[in-house]
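Colleague: After the structure tokens below, expect a handful of questions from me.
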Amino acid sequence: MRPQLVISATLLLDVALFAFNLTVALAGGSRAVLSQAVYALSDVFAGAMVMWGFLASQRPPDHEHPFGYGKERFFWSFSAGLLAFTFAGGFVLIAGIQQMQNPHPVQDLPEGLLVVGATLILSALGILVVLRELRHDESSISDFLGSAHQGLKTIFYQDVISVLGSGVAFAGLLYEFRSPSGVVDGATAVIVGALMVGTGLVLAAESRDLLVGKAISPQQARAVLSLVERDPRVRKVRGLQSMMLGPDDVLLALRVNFLDNMDTDEIESSIDHLSLTLREAFPQVRHLLIEPES
């Protein structure tokens, strides 16, 4: 995928959505529309964090970071999920509860319906951008959601939750348009806030696993073992350790038991052959250590 394209497109959409929703929310006093403005603002901050993480991860390895800066993307995705989603969601929750406790009529409902409907449509366009990139890479949505591309998944979840939240907000405003009370408007904001908080916690939990050193998936590990043990000079793989250093950057260490009576040159040749085979089959393996074991 092209991360910069996806993130940049989302940032532009979110800035426009924030401006539109905030203008209508301040004019009409709707907590549902305000929740969309806050959500769009949180998306802007989250998208900026994800973009910074992507740019920071491109720095080459140095003495202090010999394996590079790939985990910058995990850290900033963690920050985006925890700070932007959770804190902003908490604000929306509080605003919604206050509106339910002390309801006041919502003004400018037609404008509110229009801007929330536009938010829904533009958020759906953001989802289409991600899906188009997946088709460009010939990847499935299930592979994407199971991958370590936390930054892009953060962007994708933003748009999905925005579509759901906009749908809830639109329904709440439509109810207020027919039966003005202010209570439903507050309840709508509470639902949107809960969605934001829940999404932030899920994203933070996923990124945390990668930050503390998550290994490749069991399916990938079995594929590596199968490929190595198919080599006629390999008796058995005694150990496999791995760590995700970035969405497309894996550290892999193998302890391999080669056939008896192989001299040093033959073992070195076998290691070179295995390294080439593994790197061709798994391009994300950028750091590879194969230790021979008797």
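Residues in the structure tokens are numbered from 1 in each chain, the chains being A, B, ... in the order shown, and ligands are numbered from 1 in the order shown.
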Which residues are near Thr277 in chain A? Cut-off 12 Å, only C-alpha atoms, ignore same chain within fewer than 5 positions. Put them as number ranges by chain.
Modeller: A: 224, 227-231, 270-272, 282-283, 285, 288
Colleague: Extract, using only C-alpha atoms, all DNA, RNA and protein residues at most 9 Å from range 149-155 of chain A, discarding same-chain residues fewer than 6 positions from it, and format them as a CSV table (one decimal) with N, CA and C atoms, in the first residue's frame.
Modeller:
chain,number,residue,atom,x,y,z
A,3,PRO,N,1.2,4.3,2.0
A,3,PRO,CA,0.7,4.9,3.3
A,3,PRO,C,0.6,6.4,3.2
A,6,VAL,N,-2.8,7.4,1.5
A,6,VAL,CA,-4.0,7.1,2.4
A,6,VAL,C,-4.0,8.1,3.5
A,7,ILE,N,-2.9,8.4,4.2
A,7,ILE,CA,-2.9,9.3,5.3
A,7,ILE,C,-3.2,10.7,4.9
A,10,THR,N,-6.9,11.2,4.0
A,10,THR,CA,-7.7,11.2,5.3
A,10,THR,C,-7.5,12.5,6.0
A,43,ASP,N,-9.5,12.8,14.6
A,43,ASP,CA,-8.9,12.1,13.4
A,43,ASP,C,-7.8,12.9,12.9
A,46,ALA,N,-4.9,12.2,15.1
A,46,ALA,CA,-4.4,10.8,15.0
A,46,ALA,C,-3.7,10.6,13.6
A,47,GLY,N,-4.3,11.2,12.6
A,47,GLY,CA,-3.7,11.1,11.3
A,47,GLY,C,-2.3,11.8,11.2
A,49,MET,N,-0.3,12.1,13.8
A,49,MET,CA,0.6,11.2,14.6
A,49,MET,C,1.0,10.0,13.7
A,50,VAL,N,0.1,9.4,13.0
A,50,VAL,CA,0.4,8.3,12.1
A,50,VAL,C,1.4,8.7,11.0
A,51,MET,N,1.1,9.9,10.4
A,51,MET,CA,2.0,10.4,9.4
A,51,MET,C,3.4,10.6,9.9
A,53,GLY,N,4.8,9.1,12.5
A,53,GLY,CA,5.4,7.8,12.7
A,53,GLY,C,5.9,7.2,11.4
A,54,PHE,N,5.2,7.4,10.3
A,54,PHE,CA,5.6,6.8,9.1
A,54,PHE,C,6.9,7.5,8.6
A,73,ARG,N,6.4,3.6,14.0
A,73,ARG,CA,5.0,3.5,13.5
A,73,ARG,C,4.1,2.9,14.5
A,74,PHE,N,4.6,1.9,15.2
A,74,PHE,CA,3.8,1.3,16.3
A,74,PHE,C,3.6,2.2,17.4
A,76,TRP,N,3.6,5.6,17.5
A,76,TRP,CA,2.7,6.7,17.1
A,76,TRP,C,1.2,6.2,16.9
A,77,SER,N,1.1,5.0,16.4
A,77,SER,CA,-0.2,4.4,16.3
A,77,SER,C,-0.8,4.2,17.6
A,78,PHE,N,0.0,3.7,18.6
A,78,PHE,CA,-0.5,3.5,20.0
A,78,PHE,C,-0.9,4.9,20.6
A,80,ALA,N,-1.9,7.5,18.9
A,80,ALA,CA,-3.1,8.0,18.2
A,80,ALA,C,-4.3,7.3,18.8
A,81,GLY,N,-4.2,6.0,19.0
A,81,GLY,CA,-5.4,5.3,19.5
A,81,GLY,C,-5.7,5.7,20.9
A,126,GLY,N,-13.3,7.8,2.4
A,126,GLY,CA,-12.0,7.5,3.0
A,126,GLY,C,-11.9,6.0,3.0
A,127,ILE,N,-12.9,5.2,3.3
A,127,ILE,CA,-12.9,3.8,3.3
A,127,ILE,C,-12.6,3.3,1.9
A,130,VAL,N,-8.9,3.3,1.1
A,130,VAL,CA,-8.1,2.2,1.6
A,130,VAL,C,-8.4,0.9,0.8
A,200,GLY,N,-10.4,3.4,20.4
A,200,GLY,CA,-9.1,3.8,20.9
A,200,GLY,C,-8.5,2.7,21.8
A,203,LEU,N,-7.3,-0.2,19.4
A,203,LEU,CA,-6.1,0.1,18.7
A,203,LEU,C,-4.9,0.2,19.6
A,206,GLU,N,-3.7,-3.4,20.4
A,206,GLU,CA,-3.0,-4.0,19.3
A,206,GLU,C,-1.6,-3.4,19.1
A,207,SER,N,-1.5,-2.1,19.2
A,207,SER,CA,-0.1,-1.5,19.1
A,207,SER,C,0.8,-1.9,20.2
A,246,GLY,N,8.6,-3.6,12.4
A,246,GLY,CA,7.8,-2.6,11.6
A,246,GLY,C,6.8,-3.4,10.8
A,247,PRO,N,5.9,-2.7,10.2
A,247,PRO,CA,4.9,-3.4,9.4
A,247,PRO,C,5.4,-4.3,8.3
A,248,ASP,N,6.6,-4.0,7.7
A,248,ASP,CA,7.2,-4.8,6.7
A,248,ASP,C,8.7,-5.1,7.1
Colleague: Using DSSP on the backbone coordinates, identify all residues within range 206-253 of chain A classified as strand (DSSP E or B); present the result as a list in words.
Modeller: Val234, Arg235, Lys236, Val237, Arg238, Gly239, Leu240, Gln241, Ser242, Met243, Met244, Leu245, Gly246, Asp249, Val250, Leu251, Leu252 and Ala253 of chain A
Colleague: So, counting only C-alpha atoms, which residue among A:Met244, A:Val163, A:Ala19, A:Ala48 is closest to Asp209 in chain A?
Modeller: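 Of A:Met244, A:Val163, A:Ala19, A:Ala48, the one nearest Asp209 in chain A, counting only C-alpha atoms, is A:Met244.
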Colleague: According to DSSP computed on the backbone, where in range 15-162 of chain A is there helix (DSSP H, G or I)? Give the residues as a PyMOL selection string.
Modeller: chain A and resi 15-28+31-57+72-101+109-136+141-145+150-162
Colleague: Could you tell me which of A:Leu82, A:Ala118, A:Ala187, A:Ile97 comes closest to Val202 in chain A if we count only C-alpha atoms?
Modeller: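 Checking each of A:Leu82, A:Ala118, A:Ala187, A:Ile97 against Val202 in chain A, counting only C-alpha atoms, the winner is A:Leu82.
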Colleague: Which is closest to Gly89 in chain A among A:Ser35, A:Asn102, A:Ser139, A:Gln58, if we use only C-alpha atoms?
Modeller: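 Among A:Ser35, A:Asn102, A:Ser139, A:Gln58, it is A:Ser35 that comes nearest to Gly89 in chain A.
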Colleague: What does the structure give for the distance between CA of Leu131 in chain A and CA of Ser217 in chain A, in Å to one decimal?
Modeller: 23.3 Å
Colleague: Name all residues at most 8 Å from Arg235 in chain A (count only C-alpha atoms; drop same-chain ones fewer than 2 positions away) and give them as a CSV table (one decimal) with N, CA and C atoms, in the first residue's frame.
Modeller:
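The result, written out as out02.csv:
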chain,number,residue,atom,x,y,z
A,229,GLU,N,12.9,-26.7,6.4
A,229,GLU,CA,13.1,-28.2,6.6
A,229,GLU,C,12.9,-28.9,5.3
A,232,PRO,N,17.3,-30.4,1.7
A,232,PRO,CA,17.8,-31.7,1.9
A,232,PRO,C,19.0,-31.8,2.9
A,233,ARG,N,19.6,-30.6,3.1
A,233,ARG,CA,20.8,-30.6,4.0
A,233,ARG,C,20.4,-30.3,5.4
A,237,VAL,N,14.9,-28.0,12.4
A,237,VAL,CA,15.0,-26.6,12.9
A,237,VAL,C,14.7,-26.8,14.4
A,256,VAL,N,19.5,-24.2,13.5
A,256,VAL,CA,19.3,-25.3,12.5
A,256,VAL,C,20.2,-26.4,12.7
A,257,ASN,N,19.7,-27.6,12.7
A,257,ASN,CA,20.5,-28.8,12.8
A,257,ASN,C,20.8,-29.4,11.4
A,258,PHE,N,22.0,-29.2,10.9
A,258,PHE,CA,22.3,-29.7,9.6
A,258,PHE,C,22.7,-31.2,9.6
A,259,LEU,N,22.8,-31.8,8.5
A,259,LEU,CA,23.2,-33.2,8.4
A,259,LEU,C,24.6,-33.4,9.0
Colleague: Out of A:Leu210, A:Ala27, A:Val183, A:Ile290, which residue has the shortest atom-to-atom distance to Glu268 in chain A when counting only C-alpha atoms?
Modeller: A:Ile290
Colleague: Work out how far apart CA of Glu176 in chain A and CA of Gly112 in chain A are and give it in Å to one decimal.
Modeller: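 Computing it gives 10.8 Å between the two atoms.
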Colleague: Taking only C-alpha atoms into account, name the residue in A:Leu164, A:Val33, A:Leu195, A:Leu211 that is nearest to Ala95 in chain A.
Modeller: A:Val33
Colleague: Can you list, as a ChimeraX atom specification, every protein, DNA or RNA residue that comes within 8 Å of Pro103 in chain A when you count only C-alpha atoms, leaving out same-chain residues fewer than 5 positions away?
Modeller: /A:98,181-183,186
